[in-house]
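*Asks:* Dropping in start_27.pdb, which is PDB, C-alpha atoms, pLDDT in the B column:
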ATOM      1  CA  MET A 317       0.000   0.000   0.000  1.00 73.00           C
ATOM      2  CA  ASP A 318       1.192   3.496  -0.879  1.00 84.00           C
ATOM      3  CA  LYS A 319       1.683   5.396   2.403  1.00 87.00           C
ATOM      4  CA  GLN A 320       1.714   8.760   0.615  1.00 89.00           C
ATOM      5  CA  SER A 321      -1.807   8.090  -0.699  1.00 89.00           C
ATOM      6  CA  LEU A 322      -2.882   7.109   2.799  1.00 91.00           C
ATOM      7  CA  LEU A 323      -1.466  10.351   4.220  1.00 90.00           C
ATOM      8  CA  ASP A 324      -3.165  12.378   1.469  1.00 88.00           C
ATOM      9  CA  LEU A 325      -6.534  10.838   2.329  1.00 88.00           C
ATOM     10  CA  LEU A 326      -6.047  11.522   6.038  1.00 88.00           C
ATOM     11  CA  ARG A 327      -5.107  15.138   5.387  1.00 85.00           C
ATOM     12  CA  HIS A 328      -8.332  15.523   3.409  1.00 83.00           C
ATOM     13  CA  ASP A 329     -10.553  13.833   6.025  1.00 84.00           C
ATOM     14  CA  ALA A 330      -9.058  12.116   9.074  1.00 86.00           C
ATOM     15  CA  ARG A 331     -12.499  11.035  10.308  1.00 89.00           C
ATOM     16  CA  GLU A 332     -13.012   8.421   7.615  1.00 89.00           C
ATOM     17  CA  SER A 333     -13.185   4.860   8.876  1.00 91.00           C
ATOM     18  CA  VAL A 334     -10.396   2.396   8.218  1.00 92.00           C
ATOM     19  CA  ASP A 335     -12.821   0.448   5.994  1.00 92.00           C
ATOM     20  CA  ASP A 336     -13.585   3.550   3.878  1.00 91.00           C
ATOM     21  CA  ILE A 337      -9.910   4.382   3.554  1.00 91.00           C
ATOM     22  CA  ALA A 338      -9.102   0.807   2.572  1.00 92.00           C
ATOM     23  CA  ARG A 339     -11.830   0.852  -0.072  1.00 92.00           C
ATOM     24  CA  GLN A 340     -10.464   4.112  -1.548  1.00 92.00           C
ATOM     25  CA  LEU A 341      -6.926   2.738  -1.611  1.00 92.00           C
ATOM     26  CA  GLY A 342      -7.950  -0.688  -2.912  1.00 91.00           C
ATOM     27  CA  ALA A 343      -6.299  -2.230   0.121  1.00 92.00           C
ATOM     28  CA  ASP A 344      -7.214  -4.549   2.961  1.00 92.00           C
ATOM     29  CA  ALA A 345      -8.619  -2.825   6.086  1.00 91.00           C
ATOM     30  CA  GLU A 346      -6.165  -4.719   8.309  1.00 93.00           C
ATOM     31  CA  ALA A 347      -3.233  -3.497   6.197  1.00 92.00           C
ATOM     32  CA  VAL A 348      -4.513   0.082   6.466  1.00 91.00           C
ATOM     33  CA  ALA A 349      -4.902  -0.221  10.250  1.00 92.00           C
ATOM     34  CA  ALA A 350      -1.359  -1.613  10.525  1.00 93.00           C
ATOM     35  CA  ALA A 351       0.022   1.184   8.341  1.00 92.00           C
ATOM     36  CA  LEU A 352      -1.763   3.805  10.456  1.00 93.00           C
ATOM     37  CA  GLU A 353      -0.364   2.300  13.638  1.00 92.00           C
ATOM     38  CA  GLU A 354       3.145   2.256  12.153  1.00 93.00           C
ATOM     39  CA  LEU A 355       2.867   5.884  10.984  1.00 92.00           C
ATOM     40  CA  GLU A 356       1.719   6.925  14.465  1.00 92.00           C
ATOM     41  CA  GLU A 357       4.471   4.959  16.228  1.00 92.00           C
ATOM     42  CA  ASP A 358       7.125   6.373  13.879  1.00 94.00           C
ATOM     43  CA  GLY A 359       5.964   9.927  14.632  1.00 93.00           C
ATOM     44  CA  VAL A 360       4.872  10.611  11.053  1.00 93.00           C
ATOM     45  CA  ILE A 361       1.288  11.154  12.218  1.00 89.00           C
ATOM     46  CA  ARG A 362       1.430  13.381  15.291  1.00 86.00           C
ATOM     47  CA  GLY A 363      -2.294  13.851  15.854  1.00 86.00           C
ATOM     48  CA  TYR A 364      -5.698  14.442  14.339  1.00 84.00           C
ATOM     49  CA  GLN A 365      -7.302  17.885  14.519  1.00 80.00           C
ATOM     50  CA  ALA A 366     -10.439  19.644  13.402  1.00 81.00           C
ATOM     51  CA  VAL A 367     -10.256  22.686  11.136  1.00 75.00           C
ATOM     52  CA  VAL A 368     -12.327  25.314  12.977  1.00 79.00           C
ATOM     53  CA  ASP A 369     -13.970  28.317  11.348  1.00 78.00           C
ATOM     54  CA  TRP A 370     -13.666  30.710  14.292  1.00 79.00           C
ATOM     55  CA  ASN A 371     -16.105  33.135  12.645  1.00 75.00           C
ATOM     56  CA  ASN A 372     -18.852  30.637  13.463  1.00 75.00           C
ATOM     57  CA  VAL A 373     -17.944  30.349  17.152  1.00 81.00           C
ATOM     58  CA  ASP A 374     -19.563  32.643  19.716  1.00 80.00           C
ATOM     59  CA  GLU A 375     -16.497  33.178  21.925  1.00 83.00           C
ATOM     60  CA  GLU A 376     -13.777  35.561  20.822  1.00 83.00           C
ATOM     61  CA  HIS A 377     -10.671  33.819  19.510  1.00 89.00           C
ATOM     62  CA  VAL A 378      -7.691  35.867  18.366  1.00 94.00           C
ATOM     63  CA  ARG A 379      -4.787  34.698  16.256  1.00 95.00           C
ATOM     64  CA  ALA A 380      -1.652  36.544  15.311  1.00 97.00           C
ATOM     65  CA  GLN A 381       1.309  35.765  13.114  1.00 97.00           C
ATOM     66  CA  VAL A 382       4.525  36.893  14.734  1.00 98.00           C
ATOM     67  CA  GLU A 383       7.834  37.423  12.967  1.00 98.00           C
ATOM     68  CA  VAL A 384      10.773  36.899  15.316  1.00 97.00           C
ATOM     69  CA  ASP A 385      14.399  37.875  14.715  1.00 97.00           C
ATOM     70  CA  VAL A 386      17.061  36.291  16.905  1.00 97.00           C
ATOM     71  CA  GLU A 387      20.781  36.707  17.372  1.00 95.00           C
ATOM     72  CA  LEU A 388      22.657  33.456  17.927  1.00 94.00           C
ATOM     73  CA  ASP A 389      25.790  33.045  20.003  1.00 89.00           C
ATOM     74  CA  ARG A 390      28.275  30.186  20.299  1.00 89.00           C
ATOM     75  CA  GLU A 391      26.273  28.394  22.981  1.00 89.00           C
ATOM     76  CA  THR A 392      22.741  28.909  21.642  1.00 91.00           C
ATOM     77  CA  GLY A 393      21.307  27.646  18.367  1.00 94.00           C
ATOM     78  CA  TYR A 394      17.924  27.775  16.656  1.00 97.00           C
ATOM     79  CA  GLU A 395      16.862  24.414  18.136  1.00 96.00           C
ATOM     80  CA  GLU A 396      17.302  25.596  21.716  1.00 95.00           C
ATOM     81  CA  ILE A 397      15.395  28.822  21.108  1.00 96.00           C
ATOM     82  CA  ALA A 398      12.647  26.892  19.317  1.00 97.00           C
ATOM     83  CA  ARG A 399      12.307  24.459  22.240  1.00 97.00           C
ATOM     84  CA  ARG A 400      11.835  27.350  24.665  1.00 96.00           C
ATOM     85  CA  ILE A 401       9.214  29.056  22.493  1.00 97.00           C
ATOM     86  CA  ALA A 402       7.335  25.838  21.641  1.00 97.00           C
ATOM     87  CA  ARG A 403       6.639  25.142  25.336  1.00 97.00           C
ATOM     88  CA  PHE A 404       4.182  28.039  25.576  1.00 97.00           C
ATOM     89  CA  PRO A 405       0.565  26.867  25.180  1.00 96.00           C
ATOM     90  CA  GLU A 406      -0.283  30.081  23.287  1.00 97.00           C
ATOM     91  CA  VAL A 407       2.040  29.023  20.459  1.00 97.00           C
ATOM     92  CA  ALA A 408       0.010  27.090  17.871  1.00 95.00           C
ATOM     93  CA  THR A 409       2.680  26.997  15.149  1.00 95.00           C
ATOM     94  CA  LEU A 410       6.422  27.604  15.237  1.00 97.00           C
ATOM     95  CA  ARG A 411       8.635  27.476  12.165  1.00 97.00           C
ATOM     96  CA  LEU A 412      12.217  28.393  11.320  1.00 98.00           C
ATOM     97  CA  VAL A 413      11.988  30.251   8.009  1.00 97.00           C
ATOM     98  CA  SER A 414      14.218  31.841   5.412  1.00 97.00           C
ATOM     99  CA  GLY A 415      13.962  35.511   4.549  1.00 95.00           C
ATOM    100  CA  ASP A 416      13.834  38.708   6.553  1.00 95.00           C
ATOM    101  CA  TYR A 417      13.213  37.070   9.946  1.00 96.00           C
ATOM    102  CA  ASP A 418      14.137  33.793  11.647  1.00 97.00           C
ATOM    103  CA  PHE A 419      10.996  32.340  13.204  1.00 98.00           C
ATOM    104  CA  PHE A 420       7.325  32.427  12.236  1.00 97.00           C
ATOM    105  CA  ILE A 421       5.010  31.939  15.207  1.00 98.00           C
ATOM    106  CA  GLU A 422       1.247  31.648  15.124  1.00 97.00           C
ATOM    107  CA  VAL A 423      -0.124  32.667  18.511  1.00 97.00           C
ATOM    108  CA  GLU A 424      -3.677  32.122  19.780  1.00 95.00           C
ATOM    109  CA  GLY A 425      -5.433  33.838  22.657  1.00 95.00           C
ATOM    110  CA  ALA A 426      -8.748  34.962  24.069  1.00 93.00           C
ATOM    111  CA  SER A 427      -8.255  38.617  23.099  1.00 94.00           C
ATOM    112  CA  MET A 428      -5.935  40.998  21.261  1.00 95.00           C
ATOM    113  CA  HIS A 429      -4.747  42.215  24.649  1.00 96.00           C
ATOM    114  CA  ALA A 430      -3.876  38.659  25.764  1.00 96.00           C
ATOM    115  CA  VAL A 431      -1.955  37.948  22.558  1.00 97.00           C
ATOM    116  CA  SER A 432      -0.160  41.294  22.706  1.00 97.00           C
ATOM    117  CA  ASN A 433       0.816  40.720  26.341  1.00 97.00           C
ATOM    118  CA  PHE A 434       2.065  37.229  25.539  1.00 97.00           C
ATOM    119  CA  VAL A 435       4.335  38.518  22.785  1.00 97.00           C
ATOM    120  CA  SER A 436       5.650  41.458  24.811  1.00 97.00           C
ATOM    121  CA  GLU A 437       6.029  39.632  28.140  1.00 97.00           C
ATOM    122  CA  ARG A 438       7.047  36.104  27.099  1.00 97.00           C
ATOM    123  CA  ILE A 439       8.585  36.184  23.597  1.00 97.00           C
ATOM    124  CA  ALA A 440      10.294  39.587  23.372  1.00 97.00           C
ATOM    125  CA  PRO A 441      12.212  39.181  26.684  1.00 97.00           C
ATOM    126  CA  ILE A 442      13.942  35.985  25.505  1.00 96.00           C
ATOM    127  CA  PRO A 443      17.615  37.064  25.506  1.00 95.00           C
ATOM    128  CA  GLU A 444      18.312  36.020  21.890  1.00 96.00           C
ATOM    129  CA  VAL A 445      15.212  37.765  20.501  1.00 96.00           C
ATOM    130  CA  THR A 446      16.143  41.066  18.879  1.00 97.00           C
ATOM    131  CA  LYS A 447      12.855  42.001  17.208  1.00 97.00           C
ATOM    132  CA  THR A 448       9.218  40.923  16.953  1.00 97.00           C
ATOM    133  CA  VAL A 449       6.565  42.042  14.480  1.00 97.00           C
ATOM    134  CA  THR A 450       2.985  41.006  15.227  1.00 97.00           C
ATOM    135  CA  HIS A 451       0.300  40.714  12.549  1.00 97.00           C
ATOM    136  CA  PHE A 452      -3.201  40.113  13.922  1.00 96.00           C
ATOM    137  CA  VAL A 453      -5.349  37.860  11.750  1.00 93.00           C
ATOM    138  CA  MET A 454      -8.431  39.826  10.753  1.00 92.00           C
ATOM    139  CA  ASP A 455     -10.202  37.069   8.808  1.00 89.00           C
ATOM    140  CA  SER A 456      -9.411  33.612   7.447  1.00 87.00           C
ATOM    141  CA  TYR A 457     -10.591  32.315   4.112  1.00 90.00           C
ATOM    142  CA  LYS A 458      -8.795  28.979   3.935  1.00 87.00           C
ATOM    143  CA  GLU A 459      -7.212  26.741   6.588  1.00 85.00           C
ATOM    144  CA  GLU A 460      -5.308  23.514   5.958  1.00 80.00           C
ATOM    145  CA  GLY A 461      -6.643  23.373   2.406  1.00 81.00           C
ATOM    146  CA  ILE A 462     -10.270  23.874   3.448  1.00 80.00           C
ATOM    147  CA  GLU A 463     -12.185  26.989   2.363  1.00 87.00           C
ATOM    148  CA  LEU A 464     -13.975  28.714   5.230  1.00 85.00           C
ATOM    149  CA  GLY A 465     -17.234  30.619   5.262  1.00 78.00           C
ATOM    150  CA  ASP A 466     -20.539  29.687   3.694  1.00 70.00           C
ATOM    151  CA  GLY A 467     -19.225  30.030   0.151  1.00 60.00           C
ATOM    152  CA  ASP A 468     -21.963  32.508  -0.733  1.00 60.00           C
ATOM    153  CA  ASP A 469     -20.381  35.811   0.250  1.00 56.00           C
ATOM    154  CA  ASP A 470     -20.733  37.554  -3.113  1.00 59.00           C
ATOM    155  CA  ASP A 471     -23.163  40.418  -2.476  1.00 59.00           C
ATOM    156  CA  ARG A 472     -22.675  41.965  -5.922  1.00 62.00           C
ATOM    157  CA  LEU A 473     -25.635  42.214  -8.233  1.00 62.00           C
ATOM    158  CA  SER A 474     -25.341  40.219 -11.401  1.00 64.00           C
ATOM    159  CA  VAL A 475     -25.228  42.248 -14.578  1.00 70.00           C
ATOM    160  CA  SER A 476     -26.392  40.848 -17.867  1.00 65.00           C
ATOM    161  CA  PRO A 477     -26.188  42.435 -21.294  1.00 66.00           C
TER     162      PRO A 477
END
In structure tokens, how does this file's structure come out?

*Replies:*
Amino acid sequence: MDKQSLLDLLRHDARESVDDIARQLGADAEAVAAALEELEEDGVIRGYQAVVDWNNVDEEHVRAQVEVDVELDRETGYEEIARRIARFPEVATLRLVSGDYDFFIEVEGASMHAVSNFVSERIAPIPEVTKTVTHFVMDSYKEEGIELGDGDDDDRLSVSP
């Protein structure tokens, strides 16, 4: 069985049953279950999550994308800094990136104030951090390959000749 095809199916819909996945792959359900177990044990599959459209949730939920510049020294590398930042529960995503800054962090919180305080009181004071730039997410249109919203947001009047 092709594990890449299995991973592609799971990324599209991780709630499908093993039997449904096996049918789509033309494989035996027991082989699919064994492959899933192996992928989980090997750390390839780290978890299963829902894609949430926060615009449809009553409670406020704020996300921000934070650019972080760091200055390394002989004793401290990117991995060590990343481990320190990743421990914070407010950090949803942490990536080392190329370009004008070193780390990309997606931060989540209950309010803009909470996110702002987290960045200024927990991230910025890290000794190696030299600069942070915070971009608050105003709206999301697509997450993890899934379009958000009701799909009928076009309020323009149609014009016909």

*Asks:* Can you tell me which residues surround segment 424-435 of chain A at a distance of at most 8 Å, considering all atoms listed in the file, apart from same-chain residues fewer than 2 positions away, and format the answer as an NGL selection string?

*Replies:* :A and (376-380 or 406-408 or 422 or 437-440 or 448 or 452)

*Asks:* Using the chain letters and numbers from the file, give me the residues hit by the PyMOL selection byres ((chain A and resi 419) around 7), as a PDB file with C-alpha atoms, keeping the file's coordinate frame.

*Replies:*
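Written out: part.pdb:
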ATOM      1  CA  GLU A 383       7.834  37.423  12.967  1.00 98.00           C
ATOM      2  CA  VAL A 384      10.773  36.899  15.316  1.00 97.00           C
ATOM      3  CA  ASP A 385      14.399  37.875  14.715  1.00 97.00           C
ATOM      4  CA  LEU A 410       6.422  27.604  15.237  1.00 97.00           C
ATOM      5  CA  ARG A 411       8.635  27.476  12.165  1.00 97.00           C
ATOM      6  CA  LEU A 412      12.217  28.393  11.320  1.00 98.00           C
ATOM      7  CA  VAL A 413      11.988  30.251   8.009  1.00 97.00           C
ATOM      8  CA  TYR A 417      13.213  37.070   9.946  1.00 96.00           C
ATOM      9  CA  ASP A 418      14.137  33.793  11.647  1.00 97.00           C
ATOM     10  CA  PHE A 420       7.325  32.427  12.236  1.00 97.00           C
ATOM     11  CA  ILE A 421       5.010  31.939  15.207  1.00 98.00           C
TER      12      ILE A 421
END

*Asks:* Using Å and a single decimal, report how far atom CA of Trp370 of chain A sits from atom CA of Leu322 of chain A.

*Replies:*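 One can read the atom CA of Leu322 of chain A to atom CA of Trp370 of chain A distance as 28.4 Å.
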
*Asks:* Rank nothing, just name the residue among A:Gln365, A:Arg331, A:Asp318, A:Ile337 nearest to Glu460 of chain A, using all atoms listed in the file.

*Replies:*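 So, comparing all the options, the nearest one is A:Gln365.
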
*Asks:* At what distance in Å, to one decimal, does atom CA of Glu459 of chain A lie from atom CA of Lys447 of chain A?

*Replies:*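 Taking atom CA of Lys447 of chain A and atom CA of Glu459 of chain A, their separation equals 27.4 Å.
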
*Asks:* Calculated over all atoms listed in the file, which of the candidates A:Ala402, A:Leu341, A:Val373, A:Val367 has the smallest distance to His328 of chain A?

*Replies:*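 So, comparing all the options, the nearest one is A:Val367.
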
*Asks:* List the residues selected by the PyMOL selection byres ((chain A and resi 451) around 8) in the file shown, writing them as a compact mmCIF listing (two decimals) with C-alpha atoms, keeping the file's coordinate frame.

*Replies:*
# COMPACT_ATOMS: atom_id res chain seq x y z
CA ALA A 380 -1.65 36.54 15.31
CA GLN A 381 1.31 35.76 13.11
CA VAL A 382 4.53 36.89 14.73
CA VAL A 449 6.56 42.04 14.48
CA THR A 450 2.98 41.01 15.23
CA PHE A 452 -3.20 40.11 13.92
CA VAL A 453 -5.35 37.86 11.75

*Asks:* Have a look at atom CA of Ala351 of chain A and atom CA of Ser321 of chain A and let me know their distance in Å, one decimal.

*Replies:*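 Interatomic distance, atom CA of Ala351 of chain A to atom CA of Ser321 of chain A: 11.5 Å.
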
*Asks:* Could you pull out every residue with an atom within 9 Å of (21.9, 32.5, 24.4), file coordinates, counting only C-alpha atoms, and send them as a PyMOL selection string?

*Replies:* chain A and resi 387-393+396-397+442-444

*Asks:* I'd like the box whose edges run along x, y and z of the file and which contains every listed atom of segment 416-420 of chain A, padded by 8 Å per side; could you state its centre and edge lengths in Å, one decimal, as AutoDock Vina command-line options?

*Replies:*
--center_x 10.7 --center_y 35.5 --center_z 9.9 --size_x 22.8 --size_y 22.4 --size_z 22.7

*Asks:* I need the residue nearest Asp466 of chain A from this list: A:Asn371, A:Asp416, A:Val386, A:Met454. Use only C-alpha atoms for the distance.

*Replies:* A:Asn371

*Asks:* So, counting all atoms listed in the file, which residue among A:Met317, A:Asp369, A:Ile361, A:Ala345 is closest to Asp455 of chain A?

*Replies:*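 The closest residue to Asp455 of chain A is A:Asp369.
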
*Asks:* Could you tell me which of A:Lys319, A:Val475, A:Ala398, A:Lys458 comes closest to Ala347 of chain A if we count all atoms listed in the file?

*Replies:* A:Lys319

*Asks:* I'd like to know which of A:Val423, A:Leu464, A:Val368, A:Val334 is closest to Glu353 of chain A, using all atoms listed in the file.

*Replies:*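 The answer is A:Val334, which sits nearest to Glu353 of chain A.
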
*Asks:* Please supply segment 401-412 of chain A, rebuilt with all heavy atoms, as a CSV table (one decimal), in the coordinates of the input.

*Replies:*
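part_8.csv, written as the output of this step:
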chain,number,residue,atom,x,y,z
A,401,ILE,N,10.4,28.4,23.0
A,401,ILE,CA,9.2,29.1,22.5
A,401,ILE,C,8.1,28.1,22.4
A,401,ILE,O,6.9,28.3,22.7
A,401,ILE,CB,9.5,29.8,21.2
A,401,ILE,CG1,10.5,30.9,21.4
A,401,ILE,CG2,8.2,30.3,20.5
A,401,ILE,CD1,11.0,31.6,20.1
A,402,ALA,N,8.4,26.8,21.9
A,402,ALA,CA,7.3,25.8,21.6
A,402,ALA,C,6.6,25.4,22.9
A,402,ALA,O,5.5,24.9,22.9
A,402,ALA,CB,7.9,24.6,20.9
A,403,ARG,N,7.2,25.6,24.1
A,403,ARG,CA,6.6,25.1,25.3
A,403,ARG,C,5.4,26.0,25.7
A,403,ARG,O,4.6,25.5,26.5
A,403,ARG,CB,7.7,25.2,26.5
A,403,ARG,CG,8.7,24.1,26.3
A,403,ARG,CD,9.6,24.1,27.6
A,403,ARG,NE,10.6,23.1,27.4
A,403,ARG,CZ,11.9,23.3,27.4
A,403,ARG,NH1,12.4,24.6,27.7
A,403,ARG,NH2,12.8,22.4,27.3
A,404,PHE,N,5.3,27.2,25.2
A,404,PHE,CA,4.2,28.0,25.6
A,404,PHE,C,2.9,27.5,24.9
A,404,PHE,O,2.8,27.3,23.7
A,404,PHE,CB,4.4,29.5,25.1
A,404,PHE,CG,5.6,30.2,25.8
A,404,PHE,CD1,6.7,30.5,25.1
A,404,PHE,CD2,5.5,30.5,27.2
A,404,PHE,CE1,7.7,31.2,25.7
A,404,PHE,CE2,6.6,31.1,27.8
A,404,PHE,CZ,7.7,31.4,27.1
A,405,PRO,N,1.8,27.4,25.7
A,405,PRO,CA,0.6,26.9,25.2
A,405,PRO,C,-0.1,27.8,24.2
A,405,PRO,O,-0.9,27.4,23.3
A,405,PRO,CB,-0.3,26.7,26.4
A,405,PRO,CG,0.3,27.5,27.5
A,405,PRO,CD,1.7,27.6,27.2
A,406,GLU,N,0.3,29.1,24.2
A,406,GLU,CA,-0.3,30.1,23.3
A,406,GLU,C,0.3,29.9,21.9
A,406,GLU,O,-0.3,30.4,20.9
A,406,GLU,CB,0.0,31.5,23.8
A,406,GLU,CG,-0.6,31.9,25.1
A,406,GLU,CD,0.2,31.5,26.3
A,406,GLU,OE1,1.2,30.8,26.2
A,406,GLU,OE2,-0.2,32.0,27.4
A,407,VAL,N,1.4,29.2,21.8
A,407,VAL,CA,2.0,29.0,20.5
A,407,VAL,C,1.4,27.8,19.7
A,407,VAL,O,1.5,26.7,20.2
A,407,VAL,CB,3.6,28.8,20.6
A,407,VAL,CG1,4.2,28.5,19.3
A,407,VAL,CG2,4.2,30.0,21.2
A,408,ALA,N,0.7,28.1,18.7
A,408,ALA,CA,0.0,27.1,17.9
A,408,ALA,C,0.9,26.5,16.8
A,408,ALA,O,0.9,25.3,16.5
A,408,ALA,CB,-1.3,27.6,17.2
A,409,THR,N,1.8,27.4,16.2
A,409,THR,CA,2.7,27.0,15.1
A,409,THR,C,4.0,27.7,15.4
A,409,THR,O,4.0,28.9,15.7
A,409,THR,CB,2.1,27.4,13.8
A,409,THR,OG1,0.8,26.8,13.6
A,409,THR,CG2,3.0,27.0,12.6
A,410,LEU,N,5.1,27.0,15.1
A,410,LEU,CA,6.4,27.6,15.2
A,410,LEU,C,7.3,27.0,14.1
A,410,LEU,O,7.4,25.8,14.0
A,410,LEU,CB,7.0,27.3,16.6
A,410,LEU,CG,8.5,27.7,16.8
A,410,LEU,CD1,8.7,29.2,16.6
A,410,LEU,CD2,9.0,27.2,18.1
A,411,ARG,N,7.8,27.9,13.3
A,411,ARG,CA,8.6,27.5,12.2
A,411,ARG,C,9.9,28.3,12.1
A,411,ARG,O,9.8,29.5,12.2
A,411,ARG,CB,7.9,27.6,10.9
A,411,ARG,CG,6.7,26.7,10.8
A,411,ARG,CD,6.0,26.7,9.4
A,411,ARG,NE,5.0,25.7,9.2
A,411,ARG,CZ,3.7,25.9,9.3
A,411,ARG,NH1,3.3,27.1,9.4
A,411,ARG,NH2,2.9,24.9,9.1
A,412,LEU,N,11.0,27.7,11.7
A,412,LEU,CA,12.2,28.4,11.3
A,412,LEU,C,12.1,28.6,9.8
A,412,LEU,O,11.8,27.7,9.1
A,412,LEU,CB,13.4,27.5,11.6
A,412,LEU,CG,14.8,28.1,11.2
A,412,LEU,CD1,15.1,29.4,12.0
A,412,LEU,CD2,15.9,27.0,11.4
